[in-house]
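> I'd like to ask some things about the structure below.
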Amino acid sequence: MKIAITGSSSGIGLAVKKELESDYEIVCLDIAEGFDIDDLTTVGCILDADVFINNAFSKTNTEAQRLLFESVYEEWKHTEKQIINVGSLSKYYSPEDTVKFPRYTNAKKALNEAHCAALVQKDRKVRLTQICPGYTDTAMIEEWDVPKLEVKVIALAIHYCIKMAAEGIEIADYTICKAKG
């Protein structure tokens, strides 16, 4: 099985790459390799994969992750492939809660809306999963004093969703947070 992933050079994406690379062929679509999710020609490098993990967030274009998902979805909607969107618990945040990272939060909310719209389309075959981690131990929030998930936990959750999809089970939305106590 071939898996394409964006944003695998650090954080959640790197943990996912490490978790999956012994079992699957991994195609890394990162800026370091010359790929930019702001450029939709990246879609052409995804289409021959079996699974697409839409992980990277663009700091310059808050629509990029959503547009990448929608483009791959249009190509794959009648196939039995899988798209995994890495969203965020911030999809539930109120506008007052988005003060620290408004671009990030708005991008993840837009991705969530696109995922939900695709999820209810009756004629699709592609399996859709959205992983929405809460606070995760990444560079973006390293200074925050909040309970944080280890990136390995998110990687294990993604691996589980891939295994379930291979068994014909679609995990449409998987929100995961560190318990506070």
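Simple scheme: letters A, B, ... for chains in structure tokens order, numbers from 1 for residues in each chain, numbers from 1 for ligands in the order shown.
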Please report, as a PyMOL selection string, each residue of stretch 36-160 of chain A to which DSSP assigns alpha helix (DSSP H) when run on this structure's backbone.

chain A and resi 43-46+64-76+102-119+151-160

> Quick one, how far is atom CA of A:Ile171 from atom CA of A:Leu20?

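Straight-line distance from atom CA of A:Ile171 to atom CA of A:Leu20 works out to 18.0 Å.
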
> Could you list, as number ranges by chain, every residue within 7 Å of stretch 124-141 of chain A, counting only C-alpha atoms and ignoring same-chain residues fewer than 5 positions away?

A: 11, 76-89, 119, 147-151, 165, 170-177

> Just write the chosen residues, C-alpha atoms, as a short mmCIF file (atom, residue, chain, number, x, y, z; two decimals), in the first residue's frame.


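Saved the output as result_36.cif:
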data_model
loop_
_atom_site.label_atom_id
_atom_site.label_comp_id
_atom_site.auth_asym_id
_atom_site.auth_seq_id
_atom_site.Cartn_x
_atom_site.Cartn_y
_atom_site.Cartn_z
CA GLY A 11 5.53 17.24 14.55
CA TRP A 76 -10.92 9.82 -5.72
CA LYS A 77 -14.61 10.05 -4.75
CA HIS A 78 -15.56 7.00 -6.83
CA THR A 79 -12.57 4.88 -5.68
CA GLU A 80 -12.04 2.80 -2.57
CA LYS A 81 -9.01 4.79 -1.48
CA GLN A 82 -8.75 6.74 1.78
CA ILE A 83 -8.22 10.38 2.69
CA ILE A 84 -7.20 11.24 6.23
CA ASN A 85 -7.49 14.92 7.12
CA VAL A 86 -5.53 16.05 10.15
CA GLY A 87 -7.83 18.64 11.63
CA SER A 88 -7.92 20.04 15.12
CA LEU A 89 -10.03 20.20 18.25
CA LEU A 119 -18.88 12.78 4.12
CA PRO A 147 -2.12 18.74 29.09
CA LYS A 148 -0.61 17.67 25.76
CA LEU A 149 -0.84 14.53 23.69
CA GLU A 150 2.38 12.97 22.49
CA VAL A 151 2.64 13.01 18.69
CA ALA A 165 -10.39 1.17 6.35
CA GLU A 170 -14.72 4.02 7.92
CA ILE A 171 -13.87 6.07 11.00
CA ALA A 172 -15.29 9.37 9.85
CA ASP A 173 -14.31 11.61 12.76
CA TYR A 174 -11.80 10.82 15.50
CA THR A 175 -11.33 13.53 18.14
CA ILE A 176 -8.65 12.73 20.67
CA CYS A 177 -7.48 14.75 23.70
#

> When DSSP works through the backbone of this structure, what residues of stretch 50-125 of chain A end up as strand (DSSP E), shown as a PDB file with N, CA and C atoms, in the first residue's frame?


ATOM      1  N   VAL A  51      -3.642   5.900  -0.019  1.00  0.00           N
ATOM      2  CA  VAL A  51      -4.069   6.701   1.131  1.00  0.00           C
ATOM      3  C   VAL A  51      -3.380   8.051   1.031  1.00  0.00           C
ATOM      4  N   PHE A  52      -4.131   9.096   1.312  1.00  0.00           N
ATOM      5  CA  PHE A  52      -3.563  10.439   1.381  1.00  0.00           C
ATOM      6  C   PHE A  52      -3.792  10.980   2.782  1.00  0.00           C
ATOM      7  N   ILE A  53      -2.700  11.343   3.456  1.00  0.00           N
ATOM      8  CA  ILE A  53      -2.777  11.957   4.781  1.00  0.00           C
ATOM      9  C   ILE A  53      -2.518  13.445   4.600  1.00  0.00           C
ATOM     10  N   ASN A  54      -3.581  14.217   4.721  1.00  0.00           N
ATOM     11  CA  ASN A  54      -3.583  15.660   4.499  1.00  0.00           C
ATOM     12  C   ASN A  54      -3.252  16.343   5.824  1.00  0.00           C
ATOM     13  N   GLN A  82      -8.455   6.089   0.498  1.00  0.00           N
ATOM     14  CA  GLN A  82      -8.745   6.736   1.784  1.00  0.00           C
ATOM     15  C   GLN A  82      -8.047   8.083   1.873  1.00  0.00           C
ATOM     16  N   ILE A  83      -8.777   9.065   2.382  1.00  0.00           N
ATOM     17  CA  ILE A  83      -8.216  10.375   2.686  1.00  0.00           C
ATOM     18  C   ILE A  83      -8.333  10.592   4.184  1.00  0.00           C
ATOM     19  N   ILE A  84      -7.217  10.921   4.808  1.00  0.00           N
ATOM     20  CA  ILE A  84      -7.205  11.237   6.232  1.00  0.00           C
ATOM     21  C   ILE A  84      -6.815  12.706   6.373  1.00  0.00           C
ATOM     22  N   ASN A  85      -7.749  13.502   6.854  1.00  0.00           N
ATOM     23  CA  ASN A  85      -7.490  14.916   7.118  1.00  0.00           C
ATOM     24  C   ASN A  85      -7.061  15.069   8.568  1.00  0.00           C
ATOM     25  N   VAL A  86      -5.949  15.744   8.790  1.00  0.00           N
ATOM     26  CA  VAL A  86      -5.532  16.051  10.151  1.00  0.00           C
ATOM     27  C   VAL A  86      -6.086  17.433  10.470  1.00  0.00           C
TER      28      VAL A  86
END

> For a quick check of understanding, using only C-alpha atoms, which of A:Val43, A:Ile169, A:Ile5, A:Val16 has the smallest distance to A:Ala56?

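For A:Ala56, the nearest of the candidates is A:Ile5.
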
> Would you pick out the contacts of A:Phe57 at 8 Å or less, using only C-alpha atoms, so that residues sharing its chain but fewer than 3 positions from it are not included, and give the list as a PyMOL selection string?

chain A and resi 7+62+64-65+104+107

> Could those residues be written to a file, using N, CA, C and O atoms, as a PDB file, in the first residue's frame?


ATOM      1  N   GLY A   7       3.545  17.400   5.164  1.00  0.00           N
ATOM      2  CA  GLY A   7       3.993  17.849   6.474  1.00  0.00           C
ATOM      3  C   GLY A   7       4.648  16.774   7.318  1.00  0.00           C
ATOM      4  O   GLY A   7       4.466  16.725   8.530  1.00  0.00           O
ATOM      5  N   THR A  62      -4.528  30.092   4.191  1.00  0.00           N
ATOM      6  CA  THR A  62      -5.392  29.327   5.098  1.00  0.00           C
ATOM      7  C   THR A  62      -6.363  28.414   4.349  1.00  0.00           C
ATOM      8  O   THR A  62      -6.959  27.535   4.957  1.00  0.00           O
ATOM      9  N   ALA A  64      -5.353  26.467   1.764  1.00  0.00           N
ATOM     10  CA  ALA A  64      -4.559  25.453   1.061  1.00  0.00           C
ATOM     11  C   ALA A  64      -4.915  24.029   1.464  1.00  0.00           C
ATOM     12  O   ALA A  64      -5.099  23.166   0.594  1.00  0.00           O
ATOM     13  N   GLN A  65      -5.003  23.743   2.751  1.00  0.00           N
ATOM     14  CA  GLN A  65      -5.271  22.369   3.181  1.00  0.00           C
ATOM     15  C   GLN A  65      -6.664  21.931   2.731  1.00  0.00           C
ATOM     16  O   GLN A  65      -6.845  20.811   2.263  1.00  0.00           O
ATOM     17  N   TYR A 104      -4.734  29.529  11.864  1.00  0.00           N
ATOM     18  CA  TYR A 104      -4.727  28.078  12.029  1.00  0.00           C
ATOM     19  C   TYR A 104      -6.138  27.570  12.311  1.00  0.00           C
ATOM     20  O   TYR A 104      -6.622  26.641  11.669  1.00  0.00           O
ATOM     21  N   ALA A 107      -8.446  27.866   9.350  1.00  0.00           N
ATOM     22  CA  ALA A 107      -8.095  26.872   8.335  1.00  0.00           C
ATOM     23  C   ALA A 107      -8.630  25.492   8.716  1.00  0.00           C
ATOM     24  O   ALA A 107      -9.179  24.770   7.871  1.00  0.00           O
TER      25      ALA A 107
END

> Please compute the atom CA of A:Lys91-atom CA of A:Ser9 distance, one decimal, in Å.

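The value is 24.1 Å.
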
> Record the distance separating atom CA of A:Ile3 and atom CA of A:Val27, expressed in Å with one decimal.

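Taking atom CA of A:Ile3 and atom CA of A:Val27, their separation equals 6.0 Å.
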